[in-house]
Amino acid sequence: MSKMNPNVKQVVIAGGGTAGWLSAAILAADRAAVASADFHITLIESPDIAPIGVGEGTWPSMRATLKRIGVSETDFIRECSASFKQGSKFVGWTHGKSETYYHPFSLPQGYDDVNLAAAWQAFSEQVSFADAVSAQSSLCEHGLAPKQIATPEYAPVANYGYHLDSAKFSSFLQKHCVEKLGVTHVLANISEINSHPNGDIASLSLHSGEPIQGDLFIDCTGFASLLLGQHYQIPLVSQQDILFNDTALAAQVPYARADDPVASATLATAQTAGWIWDIGLPHRRGVGYVYSSAHTTREKAEQQLREYIAIGLGVQQASALDVRELNINPGYRQKLWHKNCVAIGIAAGFIEPLEASALVLVELSATMLSDQLPVNREAMDILARRFNERFLTQWQRIVEFLKLHYILTQRNDSDYWRDHCDQGTIPERLQELVTLWRHQCPWHQDGRFIDDMFPPASFQYVYYGMGGKTHLAANRSQPKDAAAKAMGEFQNNRRKIEQLLGSLPSNRELINKIMQYGLPKI
Amino acid sequence: MQNHAVLNPVDHKDIKIVTQRSELYGDCVIATLAFPFEFRNVQSDYPILFQKDSNTGKLFPVALLGLKAKENLFLNEEGWDASYIPASILRQPFMVGFQGEKPIVTIDMDSPRVNKVEGEALFDEMGEGTDFLKNVTAMLNELHGAYQDTEVFIEQLLELELLESLALKLMLADGVEHELTGFYTINEDKLRELSADALGKLHNQNFLQPLFMAVASLSRLANLVDKKNKLLVC
């Protein structure tokens with residue numbers, strides 16, 4: 001019986017980037033009290049493969065994740081060169097000029113109670129949706145931090161996630177996993193994958209040393225997808241017909257002056273064949289152009305990227321910077337968990353970094369895996385089916401939500417934007433949603449799953465940010481006191497903005513103070 | 001804003017210090033820093049709580065003097081009505097500063113206590129320090145080191161998770177519920193659960209007595225509420 005139905009005691013993680021170490025940390029921290037004979041994690045990292053090193057933006061969920069794995073926020077910020085992120089700012093997506101809109105992390109005022117989107121329609125010419133319903137866009141415009149130095153670790157004044165240096169984040173997690181959580185770290189290249197008769201993976205042979213046996217294998221090998229993709233031949237479901245971006249040019253950009261402001265939002269500036277991300281860390285910016293190779297050339301793209309960087313830094317310095325090219329095959333695996341192997345991170349799939357979905361998917365996947373870790377082989381297939389169901393849906397939702405950023409554009413300056421508006425490239429569910437939103441505001445009924453990554457609030461921020469309109473029919477019933485409630489919430493928001501603008505430090509100032517004093521634990 | 005100058009008989013020859021306690025001289029504060037070494041005296045009059053420095057986020061112990069901002073319920077027309085006045089009040093407008101390693105006395109020239117007309121002189125005609133100044137210097141000498149001790153004390157309490165946020169709702173004589181926020185106190189459940197090792201360590205650092213003084217001091221809250229109610233009623 002035990003041979004047929006072994007208990008899951010040995011978890012082997014292949015790959016040591018942020019996906020591997022974050023998965024290891026979550027699984028290990030949740031079982032910190034379990035004896036090592038009953039549960040053990042080994043992480044195999046290739047000494048020859050450098051991590052991808054993108055994924056420098058997180059969601060607010062990272063706060064709960066870091067707390068869960070037992071690290072101090074002060075240590076994290078100091079050692080990972082992290083800064084505070086309060087959302088994304090989109091530039092030039094509607095008209096290709098300097099117009100902007102925000103997708104902040106905070107939900108609209110009174111979100112559980114009243115749909116402010118309906119009441120806002122009357123004021124859409126005077127105030128942007130984000131400014132009307134949330135204080136966060138104003139905080140970001142002023143470069144303010146989401147909290148004060150006296151605010152306890154992980155507690156927000158305004159909801160926030162992080163920008164971070166992903167190489168440093170990997171090392172930080174590695175140290176924590178090995179020193180505090182008892183994870184075994186093996187530096188070696190995998191030479192062979194050995195199977196049981198039933199097709200399960202039995203062990204991984206290494207170029208040096210003993211093979212590593214396991215009951216459950218986690219594939220965190222990035223684009224290689226060594227176990228799920230190469231060994232099991234689970235195909236990639238390409239999304240390139242929907243989201244065209246397949247190449248990224250990335251650069252690390254120094255600040256002109258060491259005390260330049262650190263932006264509180266990820267800046268996403270639309271270009272003729274994609275968009276440029278701009279992420280502010282305390283010591284440098286991470287800037288990159290992600291574009292569709294079918295719509296521009298590498299030379300043209302690099303030129304646009306350097307022109308963007310030159311705005312703050314000058315032509316001379318901008319032209320001297322190293323630019324790294326990354327090729328993306330946008331899509332996700334047809335199955336994410338097959339037999340006793342589950343893929344997490346880029347090995348499971350990757351899509352352009354719009355809305356920073358990469359790290360949050362790692363957190364969600366590892367968390368679900370840990371919460372529902374199969375006790376034995378018998379339970380595994382059932383849990384694998386659940387996992388696949390949930391995350392394949394998640395991937396579809398992400399693709400739809402990212403596509404929403406493109407399809408309302410009025411840009412007509414390149415094939416790239418025209419092609420994005422081609423009905424044939426828009427998933428049906430998204431077409432349906434947008435059709436509904438012309439006559440009713442995005443609201444709770446538009447989210448089907450409790451664990452949907454993007455709440456209807458996100459639909460609202462992007463739809464109205466892009467200039468989407470809702471023509472509310474006069475005969476449509478509205479809750480009786482909704483209008484009065486909405487006016488009250490708009491006013492609450494204005495008061496909140498005033499109060500926060502007066503009391504929050506700048507992002508840079510808070511980071512400097514954390515370096516000096518640390519954040520309090522309570 | 002404070003404007004600290006190194007005290008010296010040339011620049012400060014004619015300076016006098018008002019020692020009277022009054023709102024006019026900046027004594028109307030809701031709380032003032034209390035050093036662990038004086039907790040025994042502090043707790044005879046005031047609740048000892050903990051508060052954060054808004055500039056650094058660091059916690060420090062305080063003697064609670066009032067129930068809302070800029071309220072000191074111990075002040076009246078005659079002065080400060082208590083058997084003990086915390087050292088952080090008494091030392092004003094002086095502070096210990098450092099020139100390199102050497103401790104020096106500094107004076108806040110912007111303090112309303114500093115003037116040339118009334119109060120205690122600092123130097124006599126010969127430029128010698130007066131008895132008043134000698135007392136001040138002796139007190140500052142005692143405080144020298146107390147700042148650092150306080151920091152270590154707080155670090156210990158945090159490490160043992162002995163501090164918790166205090167949510168205090170008081171019903172006052174005028175029937176209005178009053179909320180006191182932004183303060184922290186000792187978590188007595190955690191204190192009871194401390195191991196013999198932890199207690200021994202606290203004792204060796206001379207922190208055990210102040211810790212229990214702080215716990216005992218909470219009964220002074222009733223005293224503050226009484227004072228407040230008397231003001232509200234009359």
# chains A, B, ... in the order shown; residues from 1 in each chain; ligands from 1
>>> interface_residues(of="chain B", to="chain A", cutoff="9 Å", atoms="only C-alpha atoms", output="number ranges by chain")
B: 52-59, 158, 161, 163-165
>>> select_by_dssp(residues="region 7-165 of chain B", states="strand (DSSP E)", output="PDB file with C-alpha atoms, in the first residue's frame")
ATOM      1  CA  LYS B  16      18.237  83.874  33.421  1.00  0.00           C
ATOM      2  CA  ILE B  17      15.937  80.860  33.532  1.00  0.00           C
ATOM      3  CA  ALA B  31       2.847  63.383  27.970  1.00  0.00           C
ATOM      4  CA  THR B  32       6.542  63.675  28.659  1.00  0.00           C
ATOM      5  CA  LEU B  33       9.472  61.281  28.378  1.00  0.00           C
ATOM      6  CA  ILE B  48       3.480  55.323  32.598  1.00  0.00           C
ATOM      7  CA  LEU B  49       2.663  54.523  28.967  1.00  0.00           C
ATOM      8  CA  PHE B  50       4.668  54.247  25.774  1.00  0.00           C
ATOM      9  CA  GLN B  51       4.501  56.416  22.686  1.00  0.00           C
ATOM     10  CA  LYS B  52       6.166  56.605  19.277  1.00  0.00           C
ATOM     11  CA  LEU B  59       8.919  53.842  21.122  1.00  0.00           C
ATOM     12  CA  PHE B  60       9.749  55.623  24.351  1.00  0.00           C
ATOM     13  CA  PRO B  61       8.167  55.605  27.825  1.00  0.00           C
ATOM     14  CA  VAL B  62       6.123  58.603  28.914  1.00  0.00           C
ATOM     15  CA  ALA B  63       4.405  59.943  31.983  1.00  0.00           C
ATOM     16  CA  LEU B  64       0.834  60.704  30.963  1.00  0.00           C
ATOM     17  CA  LEU B  75      -0.980  72.402  36.010  1.00  0.00           C
ATOM     18  CA  ASN B  76      -2.952  75.053  37.842  1.00  0.00           C
ATOM     19  CA  GLY B  79       2.109  75.690  39.302  1.00  0.00           C
ATOM     20  CA  TRP B  80       2.545  71.955  38.946  1.00  0.00           C
ATOM     21  CA  PHE B  94      18.949  72.352  28.984  1.00  0.00           C
ATOM     22  CA  MET B  95      20.140  69.202  27.277  1.00  0.00           C
ATOM     23  CA  VAL B  96      23.172  66.967  27.249  1.00  0.00           C
ATOM     24  CA  GLY B  97      25.038  67.338  23.989  1.00  0.00           C
ATOM     25  CA  PHE B  98      28.310  65.915  22.835  1.00  0.00           C
ATOM     26  CA  GLN B  99      31.473  67.465  21.490  1.00  0.00           C
ATOM     27  CA  LYS B 102      32.804  64.705  25.717  1.00  0.00           C
ATOM     28  CA  PRO B 103      29.381  65.483  27.194  1.00  0.00           C
ATOM     29  CA  ILE B 104      28.511  69.182  27.248  1.00  0.00           C
ATOM     30  CA  VAL B 105      25.556  71.244  28.411  1.00  0.00           C
ATOM     31  CA  THR B 106      23.466  72.897  25.701  1.00  0.00           C
ATOM     32  CA  ILE B 107      20.674  75.429  26.093  1.00  0.00           C
ATOM     33  CA  ASP B 108      17.626  75.928  23.865  1.00  0.00           C
ATOM     34  CA  VAL B 114      15.276  81.835  28.586  1.00  0.00           C
ATOM     35  CA  ASN B 115      15.488  85.596  29.161  1.00  0.00           C
ATOM     36  CA  GLU B 120      17.582  82.092  38.088  1.00  0.00           C
ATOM     37  CA  ALA B 121      20.910  83.429  36.878  1.00  0.00           C
ATOM     38  CA  LEU B 163       4.276  45.974  24.515  1.00  0.00           C
ATOM     39  CA  GLU B 164       0.853  46.294  22.970  1.00  0.00           C
ATOM     40  CA  SER B 165      -1.235  49.086  21.569  1.00  0.00           C
TER      41      SER B 165
END
>>> atom_distance(atom1="CA of Trp443 (chain A)", atom2="CA of Asn115 (chain A)")
7.1 Å
>>> closest_residue(among="A:Ile242, A:Ala130, A:Leu116, A:Ile41", to="Tyr461 (chain A)", atoms="only C-alpha atoms")
A:Ala130
>>> residues_around(residues="Ala214 (chain B)", least_positions_apart="3", cutoff="12 Å", atoms="only C-alpha atoms", output="ChimeraX atom specification")
/B:34-50,61-64,157,162-163,184-188,191,207-211,217-221
>>> residues_around(residues="region 177-189 of chain A", least_positions_apart="4", cutoff="9 Å", atoms="only C-alpha atoms", output="PyMOL selection string")
chain A and resi 21-22+24-25+28-29+31-32+36+40-48+69+172-173+205-209
>>> residues_around(residues="Asn135 (chain B)", least_positions_apart="6", cutoff="12 Å", atoms="only C-alpha atoms", output="ChimeraX atom specification")
/B:90-91,94,120,122,129,141-142
>>> write_last_selection(atoms="N, CA and C atoms", output="CSV table (one decimal), in the first residue's frame")
chain,number,residue,atom,x,y,z
B,90,LEU,N,12.0,68.9,34.1
B,90,LEU,CA,12.9,69.6,35.0
B,90,LEU,C,14.1,70.1,34.2
B,91,ARG,N,14.6,69.3,33.3
B,91,ARG,CA,15.9,69.6,32.6
B,91,ARG,C,15.7,70.8,31.7
B,94,PHE,N,17.6,72.9,29.2
B,94,PHE,CA,18.9,72.4,29.0
B,94,PHE,C,18.9,70.9,28.4
B,120,GLU,N,16.3,82.4,37.5
B,120,GLU,CA,17.6,82.1,38.1
B,120,GLU,C,18.7,82.4,37.1
B,122,LEU,N,22.5,82.1,35.6
B,122,LEU,CA,23.3,80.9,35.4
B,122,LEU,C,24.8,81.2,35.8
B,129,GLY,N,29.8,79.5,37.5
B,129,GLY,CA,28.4,79.0,37.5
B,129,GLY,C,27.8,79.2,38.9
B,141,ASN,N,24.1,65.3,34.4
B,141,ASN,CA,25.0,64.2,34.5
B,141,ASN,C,24.3,62.9,34.8
B,142,GLU,N,23.3,63.0,35.6
B,142,GLU,CA,22.5,61.8,35.9
B,142,GLU,C,21.8,61.3,34.7
>>> residues_around(residues="region 78-85 of chain A", least_positions_apart="2", cutoff="6 Å", atoms="only C-alpha atoms", output="JSON, numbers by chain")
{"A": [75, 76, 87, 160, 161, 162, 163, 164, 165, 168, 169, 264, 265, 281]}
>>> residues_around(residues="Leu144 (chain A)", least_positions_apart="6", cutoff="9 Å", atoms="only C-alpha atoms", output="list in words")
Ser138, Val262, Ala263, Ser264, Leu501, Leu504, Pro505, Ser506, Asn507, Arg508, Glu509 and Leu510 of chain A
>>> atom_distance(atom1="CA of Lys9 (chain A)", atom2="CA of Phe217 (chain A)")
11.2 Å
>>> closest_residue(among="A:Asp131, A:Glu428, A:Glu210, A:Asp38", to="Thr100 (chain A)", atoms="only C-alpha atoms")
A:Asp131
>>> select_by_dssp(residues="chain B", states="alpha helix (DSSP H)", output="JSON, numbers by chain")
{"B": [39, 40, 41, 42, 87, 88, 89, 90, 131, 132, 133, 134, 135, 136, 137, 138, 139, 140, 141, 142, 143, 146, 147, 148, 149, 150, 151, 152, 153, 154, 155, 156, 157, 158, 159, 188, 189, 190, 191, 192, 196, 197, 198, 199, 200, 201, 202, 203, 204, 208, 209, 210, 211, 212, 213, 214, 215, 216, 217, 221, 222, 223, 224, 225, 226, 227, 228, 229, 230, 231, 232, 233]}
>>> write_last_selection(atoms="C-alpha atoms", output="compact mmCIF listing (two decimals), in the first residue's frame")
# COMPACT_ATOMS: atom_id res chain seq x y z
CA PHE B 39 9.73 55.11 37.23
CA ARG B 40 9.34 54.54 40.98
CA ASN B 41 8.86 58.27 41.49
CA VAL B 42 6.89 58.81 38.30
CA ALA B 87 13.30 64.82 34.76
CA SER B 88 12.51 65.51 31.10
CA ILE B 89 10.46 68.53 32.27
CA LEU B 90 12.89 69.65 34.96
CA ASP B 131 24.36 77.01 42.49
CA PHE B 132 21.36 76.76 40.17
CA LEU B 133 23.62 75.88 37.27
CA LYS B 134 25.53 73.40 39.43
CA ASN B 135 22.25 71.62 40.23
CA VAL B 136 21.31 71.61 36.57
CA THR B 137 24.68 70.14 35.62
CA ALA B 138 24.37 67.47 38.32
CA MET B 139 20.94 66.47 37.02
CA LEU B 140 22.15 66.37 33.43
CA ASN B 141 25.05 64.18 34.52
CA GLU B 142 22.52 61.77 35.93
CA LEU B 143 20.56 61.80 32.66
CA ALA B 146 19.73 57.37 30.76
CA TYR B 147 18.75 57.93 27.12
CA GLN B 148 20.70 54.92 26.01
CA ASP B 149 19.40 52.83 28.93
CA THR B 150 15.88 53.74 27.88
CA GLU B 151 16.55 52.53 24.33
CA VAL B 152 17.90 49.20 25.59
CA PHE B 153 14.90 48.88 27.92
CA ILE B 154 12.49 49.40 25.01
CA GLU B 155 14.40 46.94 22.79
CA GLN B 156 14.11 44.33 25.53
CA LEU B 157 10.37 44.88 25.91
CA LEU B 158 9.88 44.63 22.14
CA GLU B 159 12.00 41.51 21.86
CA GLU B 188 0.30 41.70 31.31
CA ASP B 189 -0.63 38.28 29.91
CA LYS B 190 2.72 38.11 28.15
CA LEU B 191 4.42 39.33 31.30
CA ARG B 192 2.87 36.52 33.35
CA ALA B 196 12.50 32.35 34.56
CA ASP B 197 15.38 32.96 32.15
CA ALA B 198 13.77 36.01 30.64
CA LEU B 199 12.87 37.36 34.08
CA GLY B 200 16.41 36.75 35.29
CA LYS B 201 17.85 38.62 32.34
CA LEU B 202 15.52 41.58 32.90
CA HIS B 203 16.50 41.60 36.56
CA ASN B 204 20.22 41.60 35.75
CA LEU B 208 12.48 44.27 36.25
CA GLN B 209 11.65 46.91 38.83
CA PRO B 210 10.79 49.63 36.27
CA LEU B 211 8.72 47.09 34.35
CA PHE B 212 6.49 46.39 37.34
CA MET B 213 6.44 50.09 38.28
CA ALA B 214 4.99 50.74 34.84
CA VAL B 215 2.34 48.08 35.37
CA ALA B 216 1.47 49.47 38.80
CA SER B 217 1.28 53.01 37.43
CA LEU B 221 -5.30 56.64 35.27
CA ALA B 222 -8.26 56.91 37.64
CA ASN B 223 -6.53 59.88 39.21
CA LEU B 224 -6.26 61.62 35.82
CA VAL B 225 -9.89 60.92 35.00
CA ASP B 226 -10.90 62.41 38.40
CA LYS B 227 -8.97 65.58 37.67
CA LYS B 228 -10.53 65.81 34.24
CA ASN B 229 -14.05 65.25 35.58
CA LYS B 230 -13.61 67.97 38.20
CA LEU B 231 -12.71 70.40 35.42
CA LEU B 232 -15.72 69.35 33.37
CA VAL B 233 -18.15 69.64 36.24
>>> atom_distance(atom1="CA of Leu313 (chain A)", atom2="CA of Arg284 (chain A)")
11.9 Å
>>> closest_residue(among="A:Ala268, A:Ile398, A:Leu430, A:Ala135", to="Glu99 (chain A)", atoms="only C-alpha atoms")
A:Ala268
>>> decode(residues="region 127-156 of chain A", atoms="N, CA and C atoms", output="PDB file, in the first residue's frame")
ATOM      1  N   VAL A 127     -13.334  65.534 -13.150  1.00  0.00           N
ATOM      2  CA  VAL A 127     -12.356  64.831 -12.314  1.00  0.00           C
ATOM      3  C   VAL A 127     -12.209  63.397 -12.819  1.00  0.00           C
ATOM      4  N   SER A 128     -10.961  62.884 -12.799  1.00  0.00           N
ATOM      5  CA  SER A 128     -10.746  61.511 -13.253  1.00  0.00           C
ATOM      6  C   SER A 128     -11.389  60.554 -12.258  1.00  0.00           C
ATOM      7  N   PHE A 129     -11.705  59.357 -12.740  1.00  0.00           N
ATOM      8  CA  PHE A 129     -12.357  58.385 -11.859  1.00  0.00           C
ATOM      9  C   PHE A 129     -11.496  58.086 -10.633  1.00  0.00           C
ATOM     10  N   ALA A 130     -10.204  57.810 -10.865  1.00  0.00           N
ATOM     11  CA  ALA A 130      -9.321  57.452  -9.740  1.00  0.00           C
ATOM     12  C   ALA A 130      -9.242  58.585  -8.721  1.00  0.00           C
ATOM     13  N   ASP A 131      -9.122  59.834  -9.202  1.00  0.00           N
ATOM     14  CA  ASP A 131      -9.042  60.971  -8.272  1.00  0.00           C
ATOM     15  C   ASP A 131     -10.332  61.140  -7.478  1.00  0.00           C
ATOM     16  N   ALA A 132     -11.451  60.828  -8.104  1.00  0.00           N
ATOM     17  CA  ALA A 132     -12.739  61.038  -7.434  1.00  0.00           C
ATOM     18  C   ALA A 132     -12.994  60.006  -6.342  1.00  0.00           C
ATOM     19  N   VAL A 133     -12.529  58.770  -6.552  1.00  0.00           N
ATOM     20  CA  VAL A 133     -12.929  57.696  -5.632  1.00  0.00           C
ATOM     21  C   VAL A 133     -11.816  57.216  -4.704  1.00  0.00           C
ATOM     22  N   SER A 134     -10.574  57.672  -4.952  1.00  0.00           N
ATOM     23  CA  SER A 134      -9.456  57.179  -4.146  1.00  0.00           C
ATOM     24  C   SER A 134      -8.441  58.287  -3.902  1.00  0.00           C
ATOM     25  N   ALA A 135      -7.785  58.206  -2.751  1.00  0.00           N
ATOM     26  CA  ALA A 135      -6.758  59.206  -2.442  1.00  0.00           C
ATOM     27  C   ALA A 135      -5.426  58.835  -3.086  1.00  0.00           C
ATOM     28  N   GLN A 136      -5.325  57.574  -3.523  1.00  0.00           N
ATOM     29  CA  GLN A 136      -4.017  57.041  -3.871  1.00  0.00           C
ATOM     30  C   GLN A 136      -3.385  57.675  -5.106  1.00  0.00           C
ATOM     31  N   SER A 137      -4.205  58.015  -6.105  1.00  0.00           N
ATOM     32  CA  SER A 137      -3.636  58.649  -7.299  1.00  0.00           C
ATOM     33  C   SER A 137      -3.001  59.987  -6.925  1.00  0.00           C
ATOM     34  N   SER A 138      -3.618  60.690  -5.990  1.00  0.00           N
ATOM     35  CA  SER A 138      -3.039  61.972  -5.542  1.00  0.00           C
ATOM     36  C   SER A 138      -1.724  61.738  -4.793  1.00  0.00           C
ATOM     37  N   LEU A 139      -1.707  60.698  -3.948  1.00  0.00           N
ATOM     38  CA  LEU A 139      -0.466  60.384  -3.222  1.00  0.00           C
ATOM     39  C   LEU A 139       0.659  60.086  -4.211  1.00  0.00           C
ATOM     40  N   CYS A 140       0.344  59.304  -5.245  1.00  0.00           N
ATOM     41  CA  CYS A 140       1.365  58.941  -6.243  1.00  0.00           C
ATOM     42  C   CYS A 140       1.835  60.175  -7.011  1.00  0.00           C
ATOM     43  N   GLU A 141       0.903  61.047  -7.388  1.00  0.00           N
ATOM     44  CA  GLU A 141       1.286  62.264  -8.113  1.00  0.00           C
ATOM     45  C   GLU A 141       2.274  63.097  -7.297  1.00  0.00           C
ATOM     46  N   HIS A 142       2.129  63.050  -5.972  1.00  0.00           N
ATOM     47  CA  HIS A 142       3.022  63.813  -5.105  1.00  0.00           C
ATOM     48  C   HIS A 142       4.239  62.995  -4.654  1.00  0.00           C
ATOM     49  N   GLY A 143       4.372  61.795  -5.162  1.00  0.00           N
ATOM     50  CA  GLY A 143       5.529  60.954  -4.810  1.00  0.00           C
ATOM     51  C   GLY A 143       5.560  60.568  -3.339  1.00  0.00           C
ATOM     52  N   LEU A 144       4.375  60.462  -2.726  1.00  0.00           N
ATOM     53  CA  LEU A 144       4.341  60.193  -1.281  1.00  0.00           C
ATOM     54  C   LEU A 144       4.349  58.698  -0.981  1.00  0.00           C
ATOM     55  N   ALA A 145       4.838  58.383   0.207  1.00  0.00           N
ATOM     56  CA  ALA A 145       4.877  57.003   0.688  1.00  0.00           C
ATOM     57  C   ALA A 145       3.484  56.604   1.170  1.00  0.00           C
ATOM     58  N   PRO A 146       3.216  55.299   1.269  1.00  0.00           N
ATOM     59  CA  PRO A 146       1.897  54.844   1.710  1.00  0.00           C
ATOM     60  C   PRO A 146       1.758  54.753   3.227  1.00  0.00           C
ATOM     61  N   LYS A 147       2.802  55.174   3.966  1.00  0.00           N
ATOM     62  CA  LYS A 147       2.746  55.053   5.427  1.00  0.00           C
ATOM     63  C   LYS A 147       3.780  55.985   6.049  1.00  0.00           C
ATOM     64  N   GLN A 148       3.816  55.991   7.372  1.00  0.00           N
ATOM     65  CA  GLN A 148       4.783  56.833   8.086  1.00  0.00           C
ATOM     66  C   GLN A 148       5.819  55.947   8.763  1.00  0.00           C
ATOM     67  N   ILE A 149       6.891  56.552   9.243  1.00  0.00           N
ATOM     68  CA  ILE A 149       7.930  55.771   9.910  1.00  0.00           C
ATOM     69  C   ILE A 149       7.395  55.140  11.200  1.00  0.00           C
ATOM     70  N   ALA A 150       6.365  55.729  11.799  1.00  0.00           N
ATOM     71  CA  ALA A 150       5.812  55.167  13.041  1.00  0.00           C
ATOM     72  C   ALA A 150       4.765  54.085  12.771  1.00  0.00           C
ATOM     73  N   THR A 151       4.380  53.878  11.501  1.00  0.00           N
ATOM     74  CA  THR A 151       3.406  52.836  11.176  1.00  0.00           C
ATOM     75  C   THR A 151       4.094  51.466  11.301  1.00  0.00           C
ATOM     76  N   PRO A 152       3.471  50.511  11.997  1.00  0.00           N
ATOM     77  CA  PRO A 152       4.133  49.211  12.191  1.00  0.00           C
ATOM     78  C   PRO A 152       4.454  48.504  10.871  1.00  0.00           C
ATOM     79  N   GLU A 153       5.374  47.561  10.938  1.00  0.00           N
ATOM     80  CA  GLU A 153       5.733  46.751   9.778  1.00  0.00           C
ATOM     81  C   GLU A 153       4.483  46.144   9.146  1.00  0.00           C
ATOM     82  N   TYR A 154       4.442  46.181   7.835  1.00  0.00           N
ATOM     83  CA  TYR A 154       3.395  45.590   7.001  1.00  0.00           C
ATOM     84  C   TYR A 154       2.036  46.275   7.124  1.00  0.00           C
ATOM     85  N   ALA A 155       1.869  47.208   8.067  1.00  0.00           N
ATOM     86  CA  ALA A 155       0.585  47.896   8.186  1.00  0.00           C
ATOM     87  C   ALA A 155       0.570  49.071   7.210  1.00  0.00           C
ATOM     88  N   PRO A 156      -0.522  49.276   6.514  1.00  0.00           N
ATOM     89  CA  PRO A 156      -0.600  50.388   5.561  1.00  0.00           C
ATOM     90  C   PRO A 156      -1.339  51.593   6.143  1.00  0.00           C
TER      91      PRO A 156
END
